[in-house]
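> upload-v4.txt (compact mmCIF, C-alpha atoms) pasted underneath:
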```
# COMPACT_ATOMS: atom_id res chain seq x y z
CA MET A 108 167.50 55.84 164.60
CA ARG A 109 164.86 55.17 161.98
CA VAL A 110 161.14 55.81 161.74
CA ILE A 111 159.10 52.69 161.04
CA ASP A 112 155.59 52.34 159.71
CA SER A 113 154.02 50.74 162.73
CA GLY A 114 152.08 51.60 165.88
CA ILE A 115 152.34 51.27 169.62
CA THR A 116 151.99 47.48 169.67
CA LYS A 117 155.35 47.29 167.87
CA VAL A 118 156.96 47.78 171.30
CA LYS A 119 157.83 44.39 172.81
CA GLY A 120 155.31 43.24 175.39
CA ILE A 121 152.67 45.87 174.53
CA LYS A 122 149.17 44.98 173.49
CA GLY A 123 146.00 47.01 173.37
CA GLN A 124 142.72 47.75 171.67
CA GLY A 125 140.33 50.58 170.86
CA ILE A 126 136.56 50.16 170.63
CA HIS A 127 133.31 52.10 170.36
CA ALA A 128 131.81 51.97 173.86
CA GLY A 129 129.08 54.60 173.56
CA PHE A 130 130.82 57.56 175.19
CA LYS A 131 130.32 59.22 171.79
CA LYS A 132 127.43 58.66 169.38
CA GLU A 133 129.72 56.98 166.92
CA LYS A 134 133.43 56.38 166.26
CA LEU A 135 135.90 54.65 168.56
CA ASP A 136 136.00 56.18 172.03
CA PHE A 137 137.71 53.81 174.50
CA THR A 138 141.12 52.18 174.71
CA ILE A 139 143.29 50.04 176.95
CA ILE A 140 147.05 49.76 176.42
CA TYR A 141 148.72 47.04 178.50
CA SER A 142 152.30 45.96 179.15
CA GLU A 143 152.88 42.32 180.02
CA LYS A 144 155.58 43.50 182.44
CA LEU A 145 155.44 46.24 185.08
CA CYS A 146 157.08 49.37 183.69
CA ASN A 147 159.20 52.17 184.99
CA ALA A 148 157.15 55.28 184.34
CA ALA A 149 157.08 59.07 184.43
CA GLY A 150 154.49 61.72 183.63
CA VAL A 151 154.00 65.42 183.00
CA PHE A 152 150.58 66.92 183.63
CA THR A 153 148.60 70.11 183.12
CA LYS A 154 149.33 73.22 185.16
CA ASN A 155 145.65 74.15 185.07
CA LYS A 156 144.42 74.47 188.67
CA ALA A 157 141.06 73.04 187.60
CA ALA A 158 142.77 69.74 186.81
CA ALA A 159 140.47 66.82 186.04
CA ALA A 160 139.99 63.87 188.39
CA PRO A 161 142.11 61.48 186.25
CA VAL A 162 145.01 63.93 186.36
CA LEU A 163 144.86 64.12 190.16
CA LEU A 164 144.70 60.34 190.42
CA ASP A 165 147.48 59.69 187.92
CA ARG A 166 149.81 62.16 189.63
CA GLU A 167 149.44 60.10 192.79
CA PHE A 168 149.69 56.70 191.13
CA ILE A 169 152.77 57.49 189.04
CA SER A 170 154.66 59.08 191.94
CA ASP A 171 156.31 55.71 192.69
CA GLY A 172 157.75 55.61 189.15
CA LYS A 173 155.74 52.52 188.15
CA ALA A 174 152.79 51.77 185.85
CA GLN A 175 151.54 48.91 183.69
CA VAL A 176 148.32 49.85 181.93
CA ILE A 177 146.61 52.90 180.42
CA VAL A 178 142.83 53.25 180.25
CA CYS A 179 141.35 56.16 178.29
CA ASN A 180 137.87 57.27 177.28
CA SER A 181 136.99 60.00 174.81
CA GLY A 182 133.80 62.04 174.98
CA PHE A 183 133.75 62.99 178.68
CA ALA A 184 136.62 64.78 180.45
CA ASN A 185 135.61 63.89 184.03
CA ALA A 186 136.70 67.42 184.97
CA CYS A 187 134.89 69.68 187.45
CA THR A 188 132.82 66.70 188.56
CA GLY A 189 133.59 66.91 192.29
CA ALA A 190 134.05 63.97 194.64
CA LYS A 191 132.03 61.72 192.31
CA GLY A 192 134.58 62.32 189.56
CA MET A 193 137.41 61.10 191.79
CA GLU A 194 135.37 58.06 192.84
CA ASP A 195 134.69 57.21 189.20
CA ALA A 196 138.34 57.58 188.18
CA LEU A 197 139.45 55.39 191.09
CA TYR A 198 136.81 52.77 190.36
CA THR A 199 137.90 52.67 186.72
CA ALA A 200 141.44 51.89 187.86
CA GLU A 201 140.26 49.31 190.39
CA TYR A 202 137.94 47.51 187.98
CA THR A 203 140.54 47.42 185.19
CA SER A 204 143.23 46.18 187.55
CA GLN A 205 140.98 43.32 188.69
CA LYS A 206 140.37 42.28 185.10
CA LEU A 207 144.10 42.33 184.33
CA ASP A 208 145.26 40.98 187.71
CA ILE A 209 147.53 43.92 188.51
CA LYS A 210 147.67 46.54 191.28
CA LYS A 211 145.22 49.42 190.89
CA GLU A 212 148.08 51.86 191.53
CA ASP A 213 149.71 50.61 188.31
CA CYS A 214 146.64 51.51 186.24
CA LEU A 215 146.68 55.05 184.83
CA VAL A 216 143.30 56.52 183.90
CA PHE A 217 142.71 59.24 181.31
CA SER A 218 139.64 61.05 180.02
CA THR A 219 139.09 63.67 177.32
CA GLY A 220 136.01 65.47 176.05
CA LYS A 221 133.30 67.65 177.54
CA ILE A 222 133.94 69.23 180.94
CA GLY A 223 131.47 69.06 183.83
CA ILE A 224 129.57 65.90 182.87
CA PRO A 225 129.88 62.82 185.13
CA LEU A 226 131.22 59.67 183.52
CA PRO A 227 128.54 57.16 182.50
CA MET A 228 129.96 54.37 184.63
CA LYS A 229 127.77 51.59 183.23
CA LYS A 230 129.32 52.32 179.84
CA MET A 231 132.76 52.41 181.45
CA ILE A 232 132.32 48.99 183.05
CA ASN A 233 130.95 47.53 179.83
CA ALA A 234 133.84 49.07 177.90
CA ILE A 235 136.43 47.47 180.17
CA ASP A 236 134.64 44.10 180.04
CA LYS A 237 134.51 44.24 176.25
CA THR A 238 138.05 45.49 175.63
CA VAL A 239 140.17 43.28 177.90
CA PRO A 240 139.50 40.07 175.92
CA LEU A 241 140.27 41.93 172.67
CA LEU A 242 143.77 43.14 173.64
CA ASP A 243 146.03 42.42 170.70
CA VAL A 244 149.47 43.11 169.22
CA SER A 245 148.26 43.66 165.65
CA ASP A 246 148.68 46.79 163.54
CA ARG A 247 144.89 47.07 163.51
CA ALA A 248 144.89 47.26 167.31
CA SER A 249 147.44 50.09 167.14
CA LYS A 250 145.28 52.01 164.65
CA ASN A 251 142.22 51.50 166.83
CA ILE A 252 144.10 52.84 169.86
CA ALA A 253 145.19 55.94 167.94
CA ASN A 254 141.64 56.66 166.81
CA ALA A 255 139.89 55.86 170.08
CA ILE A 256 141.48 58.77 171.97
CA LEU A 257 140.47 61.51 169.49
CA THR A 258 137.92 64.27 170.08
CA THR A 259 137.77 67.09 167.51
CA ASP A 260 140.96 65.84 165.85
CA LEU A 261 140.69 65.29 162.11
CA VAL A 262 143.56 62.80 161.97
CA SER A 263 145.18 60.29 164.32
CA LYS A 264 148.70 60.99 165.55
CA GLU A 265 151.28 58.26 166.10
CA ILE A 266 154.96 57.63 165.51
CA THR A 267 157.35 54.73 166.08
CA VAL A 268 161.13 54.72 165.96
CA GLU A 269 163.80 52.06 166.37
CA SER A 270 167.15 53.02 167.85
CA GLU A 271 170.09 50.91 169.00
CA GLY A 272 168.08 47.75 169.58
CA TYR A 273 165.00 49.22 171.29
CA THR A 274 161.73 50.77 170.13
CA ILE A 275 159.93 53.94 171.19
CA SER A 276 156.34 54.38 170.06
CA ALA A 277 153.81 57.04 170.95
CA VAL A 278 150.23 58.00 170.26
CA ALA A 279 148.71 61.43 170.89
CA LYS A 280 145.53 63.46 170.56
CA GLY A 281 145.03 67.20 170.48
CA SER A 282 143.40 69.76 168.22
CA GLY A 283 141.87 72.56 170.30
CA MET A 284 142.48 74.13 173.72
CA ILE A 285 146.19 73.91 172.88
CA ASN A 286 148.65 76.32 174.47
CA PRO A 287 152.20 76.21 175.85
CA ASN A 288 152.48 74.71 179.35
CA MET A 289 150.72 71.67 177.94
CA ALA A 290 147.39 71.64 176.21
CA THR A 291 144.18 69.63 175.80
CA MET A 292 146.28 66.80 174.67
CA LEU A 293 147.09 63.30 175.71
CA CYS A 294 150.27 61.50 174.76
CA PHE A 295 151.09 57.92 175.66
CA ILE A 296 154.67 56.80 175.03
CA PHE A 297 155.93 53.23 175.38
CA THR A 298 159.43 51.82 175.02
CA ASP A 299 160.97 48.41 175.50
CA ALA A 300 164.27 49.97 176.57
CA GLU A 301 165.29 49.43 180.19
CA VAL A 302 165.32 52.93 181.66
CA PRO A 303 165.36 53.80 185.37
CA SER A 304 162.41 55.92 186.50
CA GLU A 305 164.51 58.95 187.45
CA ILE A 306 166.19 58.98 184.03
CA LEU A 307 162.79 58.61 182.36
CA LYS A 308 161.47 61.54 184.36
CA ASP A 309 164.39 63.77 183.38
CA CYS A 310 164.24 62.76 179.71
CA LEU A 311 160.48 63.30 179.51
CA LYS A 312 160.58 66.75 181.09
CA THR A 313 163.33 67.84 178.69
CA SER A 314 161.44 66.50 175.67
CA VAL A 315 158.13 68.08 176.71
CA ASP A 316 159.83 71.47 177.07
CA LYS A 317 161.09 71.14 173.50
CA SER A 318 157.82 69.93 172.04
CA PHE A 319 154.42 70.01 173.72
CA ASN A 320 155.27 73.13 175.72
CA VAL A 321 156.08 75.12 172.58
CA ILE A 322 152.88 74.62 170.59
CA SER A 323 149.76 76.74 170.52
CA VAL A 324 146.45 76.58 168.69
CA ASP A 325 144.17 78.92 170.60
CA GLY A 326 145.75 80.12 173.85
CA ASP A 327 143.66 77.91 176.16
CA THR A 328 145.22 75.42 178.58
CA SER A 329 143.14 72.32 179.29
CA THR A 330 142.10 70.53 182.47
CA ASN A 331 143.17 67.07 181.29
CA ASP A 332 146.45 67.29 179.40
CA SER A 333 148.93 64.58 180.23
CA VAL A 334 152.06 63.00 178.78
CA VAL A 335 153.29 59.70 180.20
CA ILE A 336 156.07 57.33 179.27
CA LEU A 337 156.29 53.67 180.25
CA ALA A 338 159.44 51.54 179.82
CA ASN A 339 159.18 47.77 180.30
CA GLY A 340 162.79 46.81 179.49
CA LEU A 341 161.84 43.79 177.39
CA SER A 342 164.41 44.62 174.68
CA ASN A 343 167.11 44.02 177.34
CA ILE A 344 168.83 47.23 176.20
CA LYS A 345 169.88 49.15 179.30
CA ILE A 346 169.96 52.95 179.20
CA ASP A 347 172.63 53.30 181.86
CA THR A 348 175.58 55.25 180.45
CA GLU A 349 175.98 58.89 179.49
CA ASN A 350 176.13 58.06 175.77
CA LYS A 351 173.11 55.77 175.89
CA ILE A 352 171.11 58.30 177.89
CA GLN A 353 171.89 61.02 175.37
CA SER A 354 170.95 58.77 172.47
CA PHE A 355 167.68 57.87 174.21
CA LYS A 356 166.98 61.57 174.82
CA ASN A 357 167.55 62.33 171.14
CA ALA A 358 165.12 59.62 170.07
CA LEU A 359 162.50 60.73 172.60
CA ASP A 360 162.93 64.38 171.55
CA PHE A 361 162.29 63.38 167.95
CA VAL A 362 159.14 61.44 168.86
CA CYS A 363 157.71 64.27 170.98
CA ILE A 364 158.55 67.03 168.50
CA GLU A 365 156.99 65.15 165.59
CA LEU A 366 153.80 64.56 167.56
CA ALA A 367 153.71 68.19 168.74
CA LYS A 368 153.90 69.36 165.12
CA LYS A 369 151.11 66.96 164.16
CA ILE A 370 148.93 68.42 166.92
CA ALA A 371 149.65 71.99 165.83
CA ARG A 372 148.93 71.19 162.18
CA ASP A 373 145.65 69.55 163.16
CA GLY A 374 144.52 72.60 165.14
CA GLU A 375 140.77 73.14 165.02
CA GLY A 376 139.93 74.80 161.72
CA ALA A 377 143.61 75.16 160.78
CA THR A 378 144.79 75.32 157.19
CA LYS A 379 148.54 75.72 157.78
CA LEU A 380 151.25 74.73 160.22
CA VAL A 381 153.29 77.71 161.47
CA GLU A 382 156.87 77.37 162.68
CA CYS A 383 158.63 80.25 164.44
CA GLN A 384 162.39 80.09 164.77
CA CYS A 385 164.00 82.56 167.15
CA TYR A 386 167.76 82.83 167.33
CA GLY A 387 170.37 85.28 168.51
CA ALA A 388 168.65 85.61 171.89
CA LYS A 389 170.49 86.55 175.07
CA SER A 390 169.18 83.51 176.99
CA GLN A 391 167.26 80.30 176.35
CA GLU A 392 164.33 81.73 178.27
CA ASP A 393 164.26 84.79 175.99
CA ALA A 394 164.39 82.65 172.86
CA ASN A 395 161.49 80.55 174.15
CA LYS A 396 159.46 83.64 175.05
CA VAL A 397 159.79 85.12 171.56
CA SER A 398 158.95 81.99 169.60
CA LYS A 399 155.98 81.19 171.86
CA ALA A 400 154.63 84.75 171.71
CA VAL A 401 154.63 84.79 167.91
CA ILE A 402 152.90 81.44 167.37
CA SER A 403 150.39 82.25 170.14
CA SER A 404 149.38 85.65 168.76
CA SER A 405 145.80 85.65 167.48
CA LEU A 406 146.66 88.59 165.24
CA VAL A 407 149.63 86.82 163.68
CA LYS A 408 147.60 83.62 163.25
CA SER A 409 144.73 85.54 161.63
CA ALA A 410 147.11 87.32 159.27
CA ILE A 411 148.56 83.99 158.17
CA PHE A 412 145.08 82.60 157.49
CA GLY A 413 144.28 85.70 155.41
CA GLU A 414 147.71 85.53 153.73
CA ASP A 415 148.32 89.12 154.79
CA PRO A 416 152.06 89.64 155.45
CA ASN A 417 151.50 92.14 158.24
CA TRP A 418 154.95 91.99 159.81
CA GLY A 419 153.97 94.64 162.36
CA ARG A 420 151.98 91.99 164.21
CA ILE A 421 155.09 89.80 164.44
CA MET A 422 157.13 92.70 165.79
CA ALA A 423 154.42 93.50 168.33
CA ALA A 424 154.47 89.92 169.60
CA VAL A 425 158.26 90.03 169.93
CA GLY A 426 157.93 93.29 171.84
CA TYR A 427 155.44 92.04 174.41
CA SER A 428 157.01 88.59 174.78
CA GLY A 429 158.97 89.69 177.84
CA ALA A 430 162.32 88.85 176.23
CA GLU A 431 165.22 91.26 176.34
CA ILE A 432 165.47 92.95 172.94
CA GLU A 433 166.91 96.01 171.24
CA LEU A 434 164.49 97.08 168.54
CA GLU A 435 167.13 98.39 166.14
CA ARG A 436 168.89 94.98 166.09
CA ILE A 437 165.92 92.77 165.15
CA ASP A 438 165.69 91.05 161.76
CA VAL A 439 162.59 89.13 160.64
CA TYR A 440 162.21 86.71 157.75
CA ILE A 441 159.07 85.14 156.30
CA GLY A 442 160.45 82.12 154.53
CA GLU A 443 163.55 83.45 152.80
CA LEU A 444 162.28 87.03 152.56
CA ASN A 445 163.91 89.54 154.89
CA ILE A 446 160.90 91.71 155.69
CA VAL A 447 162.41 93.52 158.71
CA LYS A 448 166.02 94.70 158.96
CA ASN A 449 167.36 96.43 162.07
CA GLY A 450 163.83 96.88 163.37
CA LYS A 451 162.41 98.49 160.21
CA GLY A 452 160.52 97.23 157.18
CA THR A 453 162.49 96.45 154.02
CA ASP A 454 159.76 97.50 151.55
CA ILE A 455 159.35 94.05 150.03
CA PRO A 456 156.19 94.18 147.88
CA LYS A 457 153.12 92.85 149.67
CA GLU A 458 152.32 90.48 146.80
CA GLU A 459 155.73 88.83 147.08
CA ALA A 460 155.54 88.47 150.85
CA SER A 461 151.99 87.16 150.66
CA LYS A 462 153.22 84.15 148.67
CA GLU A 463 155.14 82.99 151.76
CA PHE A 464 151.89 82.93 153.77
CA LYS A 465 150.33 80.66 151.17
CA LYS A 466 152.85 77.93 151.96
CA ASP A 467 152.41 75.06 154.41
CA PRO A 468 154.25 75.22 156.70
CA VAL A 469 154.73 78.96 157.08
CA ILE A 470 158.22 79.63 158.44
CA ILE A 471 158.91 82.79 160.46
CA ARG A 472 162.51 83.45 161.48
CA ILE A 473 163.47 86.12 164.00
CA ASN A 474 167.05 87.15 164.78
CA ILE A 475 167.33 89.08 168.04
CA ASN A 476 171.07 89.67 167.44
CA LEU A 477 171.93 89.79 171.14
CA GLY A 478 173.32 86.32 171.89
CA ASP A 479 173.66 82.66 170.95
CA PHE A 480 170.41 81.04 172.14
CA SER A 481 167.69 79.71 169.86
CA SER A 482 164.24 78.14 170.02
CA LYS A 483 161.50 76.75 167.81
CA ALA A 484 157.76 76.78 168.42
CA TRP A 485 154.81 75.53 166.40
CA GLY A 486 151.25 76.68 165.92
CA CYS A 487 148.67 77.11 163.19
CA ASP A 488 146.61 79.78 161.53
CA LEU A 489 143.27 80.90 162.97
CA SER A 490 140.35 80.42 160.61
CA TYR A 491 136.60 80.99 160.58
CA ASP A 492 136.11 77.28 161.20
CA TYR A 493 137.75 77.49 164.63
CA VAL A 494 134.85 79.64 165.83
CA LYS A 495 132.29 77.35 164.19
CA ILE A 496 133.76 74.22 165.78
CA ASN A 497 133.92 75.70 169.28
CA SER A 498 130.56 77.46 169.13
CA GLN A 499 128.92 74.07 168.55
CA TYR A 500 131.21 71.79 170.61
CA HIS A 501 128.71 71.08 173.39
CA THR A 502 125.81 70.50 171.02
```
Could you express the structure from this file as structure tokens?

Amino acid sequence: MRVIDSGITKVKGIKGQGIHAGFKKEKLDFTIIYSEKLCNAAGVFTKNKAAAAPVLLDREFISDGKAQVIVCNSGFANACTGAKGMEDALYTAEYTSQKLDIKKEDCLVFSTGKIGIPLPMKKMINAIDKTVPLLDVSDRASKNIANAILTTDLVSKEITVESEGYTISAVAKGSGMINPNMATMLCFIFTDAEVPSEILKDCLKTSVDKSFNVISVDGDTSTNDSVVILANGLSNIKIDTENKIQSFKNALDFVCIELAKKIARDGEGATKLVECQCYGAKSQEDANKVSKAVISSSLVKSAIFGEDPNWGRIMAAVGYSGAEIELERIDVYIGELNIVKNGKGTDIPKEEASKEFKKDPVIIRININLGDFSSKAWGCDLSYDYVKINSQYHT
């Protein structure tokens, strides 16, 4: 497997485009990504019970394991918009499908942005009319797609890998309202490998659990978060044996983890990526609980921003994580510094430990010393700018 410097249109049979359609005052804000062949597909969606209309529609549409096109606007979430929101999401799929001569059920619709505001459907119709003739396979089209789905993100997020004759490419957005169990993030993954829908579904769930479900920026879980994967098979490489499935899983894991880290690093107001490694846990669930608790802790995140090596906050997060622990067995490292041994501080000078919190990324390692299970999770520090950004988001 190798990472290549290219975007989502590198996948055979995929073309797309991103434009400025007026959903936002400026910047690109609308995209269509289209496969020339009907794809096998799978998706993972938010657990928020106030799920947006596009999420409800896409869950239904993708239930047959098929999809062919993605339509996404940025600026309006189409969440908490009642029956009108569902009508607008459905009409978006119907109108796009007519323009592309495909079934409406094979058109997945996504929205991201402000909650509670109806979609401006005249702009939506104009956006579809304008974008369809511009669909392209160029690198510029890929860049436009990556930028058109952003909201408060500071940077676009994309990655492409080649492995054993096929390509996997993905684009994502996410910066705030990020918390394990998915976040205010969208991720669109395309591959030209030939992968049955049930295998895609299993691979995607496993990868999401290792990536997007172990990141946190602010502890909020969004109404719109979605990850979908579409496989059109145009490489003629079949993923149909145990070895090939495992290799495909490894490549997909890599893609999802890299994008998850990019989202965490681009957290609203963030200055540092934080990685928590937990090992020596009694179960996988316990390892996950510890790593998630530490990167989700507002106190830990604030300490990292202030470069204050307050290891007591890390220990507190481990303690309330719900994992089985024995306090006198726990060791904690910040970088290479062993700041806690057998549950007690090691008297490393504050100035020395503080240097580790100046680094990017900040690495926290926790040994539970009760078993053989391990986990990694990613987050970011919590700065003054996070409050500024979110106090002015609606205005």
> Give me, please, the distance in Å between CA of Leu359 in chain A and CA of Gly272 in chain A, quoted to one decimal.
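These two atoms are separated by 14.4 Å.
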> Might you pull out every residue within 7 Å of range 467-473 of chain A, with all atoms listed in the file counted and same-chain residues fewer than 4 positions away left off, and present them as a PyMOL selection string?
chain A and resi 379-386+438-442+463
> To one decimal in Å, tell me the separation between CA of Gly387 in chain A and CA of Arg436 in chain A.
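Going from CA of Gly387 in chain A over to CA of Arg436 in chain A, I get 10.1 Å.
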> Give me, please, the distance in Å between CA of Gly125 in chain A and CA of Ile266 in chain A, quoted to one decimal.
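Straight-line distance from CA of Gly125 in chain A to CA of Ile266 in chain A works out to 17.1 Å.
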> Write out as number ranges by chain which residues come within 8 Å of Ile140 in chain A when counting all atoms listed in the file, dropping same-chain ones fewer than 6 positions away.
A: 121-124, 176-178, 242, 252
> Which residues are near Ile344 in chain A? Cut-off 7 Å, only C-alpha atoms, ignore same chain within fewer than 5 positions. Put them as a PyMOL selection string.
chain A and resi 272-273+300-301
> Which residues are close to range 136-138 of chain A, i.e. within 12 Å by all atoms listed in the file, leaving aside same-chain residues fewer than 6 positions away? Reply as a PDB file with C-alpha atoms, in the coordinates of the input.

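And here is the file that came out, selection.pdb:
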```
ATOM      1  CA  LYS A 122     149.170  44.980 173.490  1.00  0.00           C
ATOM      2  CA  GLY A 123     146.000  47.010 173.370  1.00  0.00           C
ATOM      3  CA  GLN A 124     142.720  47.750 171.670  1.00  0.00           C
ATOM      4  CA  GLY A 125     140.330  50.580 170.860  1.00  0.00           C
ATOM      5  CA  ILE A 126     136.560  50.160 170.630  1.00  0.00           C
ATOM      6  CA  HIS A 127     133.310  52.100 170.360  1.00  0.00           C
ATOM      7  CA  ALA A 128     131.810  51.970 173.860  1.00  0.00           C
ATOM      8  CA  GLY A 129     129.080  54.600 173.560  1.00  0.00           C
ATOM      9  CA  PHE A 130     130.820  57.560 175.190  1.00  0.00           C
ATOM     10  CA  VAL A 176     148.320  49.850 181.930  1.00  0.00           C
ATOM     11  CA  ILE A 177     146.610  52.900 180.420  1.00  0.00           C
ATOM     12  CA  VAL A 178     142.830  53.250 180.250  1.00  0.00           C
ATOM     13  CA  CYS A 179     141.350  56.160 178.290  1.00  0.00           C
ATOM     14  CA  ASN A 180     137.870  57.270 177.280  1.00  0.00           C
ATOM     15  CA  SER A 181     136.990  60.000 174.810  1.00  0.00           C
ATOM     16  CA  GLY A 182     133.800  62.040 174.980  1.00  0.00           C
ATOM     17  CA  PHE A 183     133.750  62.990 178.680  1.00  0.00           C
ATOM     18  CA  THR A 203     140.540  47.420 185.190  1.00  0.00           C
ATOM     19  CA  LEU A 215     146.680  55.050 184.830  1.00  0.00           C
ATOM     20  CA  VAL A 216     143.300  56.520 183.900  1.00  0.00           C
ATOM     21  CA  PHE A 217     142.710  59.240 181.310  1.00  0.00           C
ATOM     22  CA  SER A 218     139.640  61.050 180.020  1.00  0.00           C
ATOM     23  CA  THR A 219     139.090  63.670 177.320  1.00  0.00           C
ATOM     24  CA  GLY A 220     136.010  65.470 176.050  1.00  0.00           C
ATOM     25  CA  LYS A 230     129.320  52.320 179.840  1.00  0.00           C
ATOM     26  CA  MET A 231     132.760  52.410 181.450  1.00  0.00           C
ATOM     27  CA  ILE A 232     132.320  48.990 183.050  1.00  0.00           C
ATOM     28  CA  ASN A 233     130.950  47.530 179.830  1.00  0.00           C
ATOM     29  CA  ALA A 234     133.840  49.070 177.900  1.00  0.00           C
ATOM     30  CA  ILE A 235     136.430  47.470 180.170  1.00  0.00           C
ATOM     31  CA  ASP A 236     134.640  44.100 180.040  1.00  0.00           C
ATOM     32  CA  LYS A 237     134.510  44.240 176.250  1.00  0.00           C
ATOM     33  CA  THR A 238     138.050  45.490 175.630  1.00  0.00           C
ATOM     34  CA  VAL A 239     140.170  43.280 177.900  1.00  0.00           C
ATOM     35  CA  LEU A 241     140.270  41.930 172.670  1.00  0.00           C
ATOM     36  CA  LEU A 242     143.770  43.140 173.640  1.00  0.00           C
ATOM     37  CA  ASP A 243     146.030  42.420 170.700  1.00  0.00           C
ATOM     38  CA  ALA A 248     144.890  47.260 167.310  1.00  0.00           C
ATOM     39  CA  SER A 249     147.440  50.090 167.140  1.00  0.00           C
ATOM     40  CA  LYS A 250     145.280  52.010 164.650  1.00  0.00           C
ATOM     41  CA  ASN A 251     142.220  51.500 166.830  1.00  0.00           C
ATOM     42  CA  ILE A 252     144.100  52.840 169.860  1.00  0.00           C
ATOM     43  CA  ALA A 253     145.190  55.940 167.940  1.00  0.00           C
ATOM     44  CA  ASN A 254     141.640  56.660 166.810  1.00  0.00           C
ATOM     45  CA  ALA A 255     139.890  55.860 170.080  1.00  0.00           C
ATOM     46  CA  ILE A 256     141.480  58.770 171.970  1.00  0.00           C
ATOM     47  CA  LEU A 257     140.470  61.510 169.490  1.00  0.00           C
ATOM     48  CA  THR A 258     137.920  64.270 170.080  1.00  0.00           C
ATOM     49  CA  THR A 259     137.770  67.090 167.510  1.00  0.00           C
ATOM     50  CA  VAL A 278     150.230  58.000 170.260  1.00  0.00           C
ATOM     51  CA  PHE A 295     151.090  57.920 175.660  1.00  0.00           C
TER      52      PHE A 295
END
```
> Measuring between all atoms listed in the file, which one of A:Gly426, A:Gly486, A:Pro240, A:Pro416 shows the shortest distance to Ser461 in chain A?
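Looking at the shortest contact to Ser461 in chain A, the residue is A:Pro416.
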> Which residue is closest to Glu212 in chain A? Choose from A:Gly450, A:Gly172, A:Gly281, A:Gly189 and count all atoms listed in the file.
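Smallest distance to Glu212 in chain A is found for A:Gly172.
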> When you look at Phe480 in chain A with a cut-off of 9 Å (counting all atoms listed in the file), what residues show up, excluding the ones that are within fewer than 6 positions of it in the same chain? I need them as a list of chain:residue names.
A:Cys385, A:Tyr386, A:Gly387, A:Ala388, A:Lys389, A:Ser390, A:Gln391, A:Glu392, A:Asp393, A:Ala394
> Which residue is closest to Cys487 in chain A? Choose from A:Ser354, A:Ser404, A:Ser204, A:Asn343 and count only C-alpha atoms.
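Closest residue, counting only C-alpha atoms: A:Ser404.
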> Name the closest residue to Met422 in chain A among the candidates A:Glu435, A:Glu269, A:Glu365, A:Glu194; distances are taken between atoms, counting all atoms listed in the file.
A:Glu435
> From the list A:Phe152, A:Phe355, A:Phe361, A:Tyr141, which residue is nearest Glu271 in chain A when using all atoms listed in the file?
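Checking each of A:Phe152, A:Phe355, A:Phe361, A:Tyr141 against Glu271 in chain A, counting all atoms listed in the file, the winner is A:Phe355.
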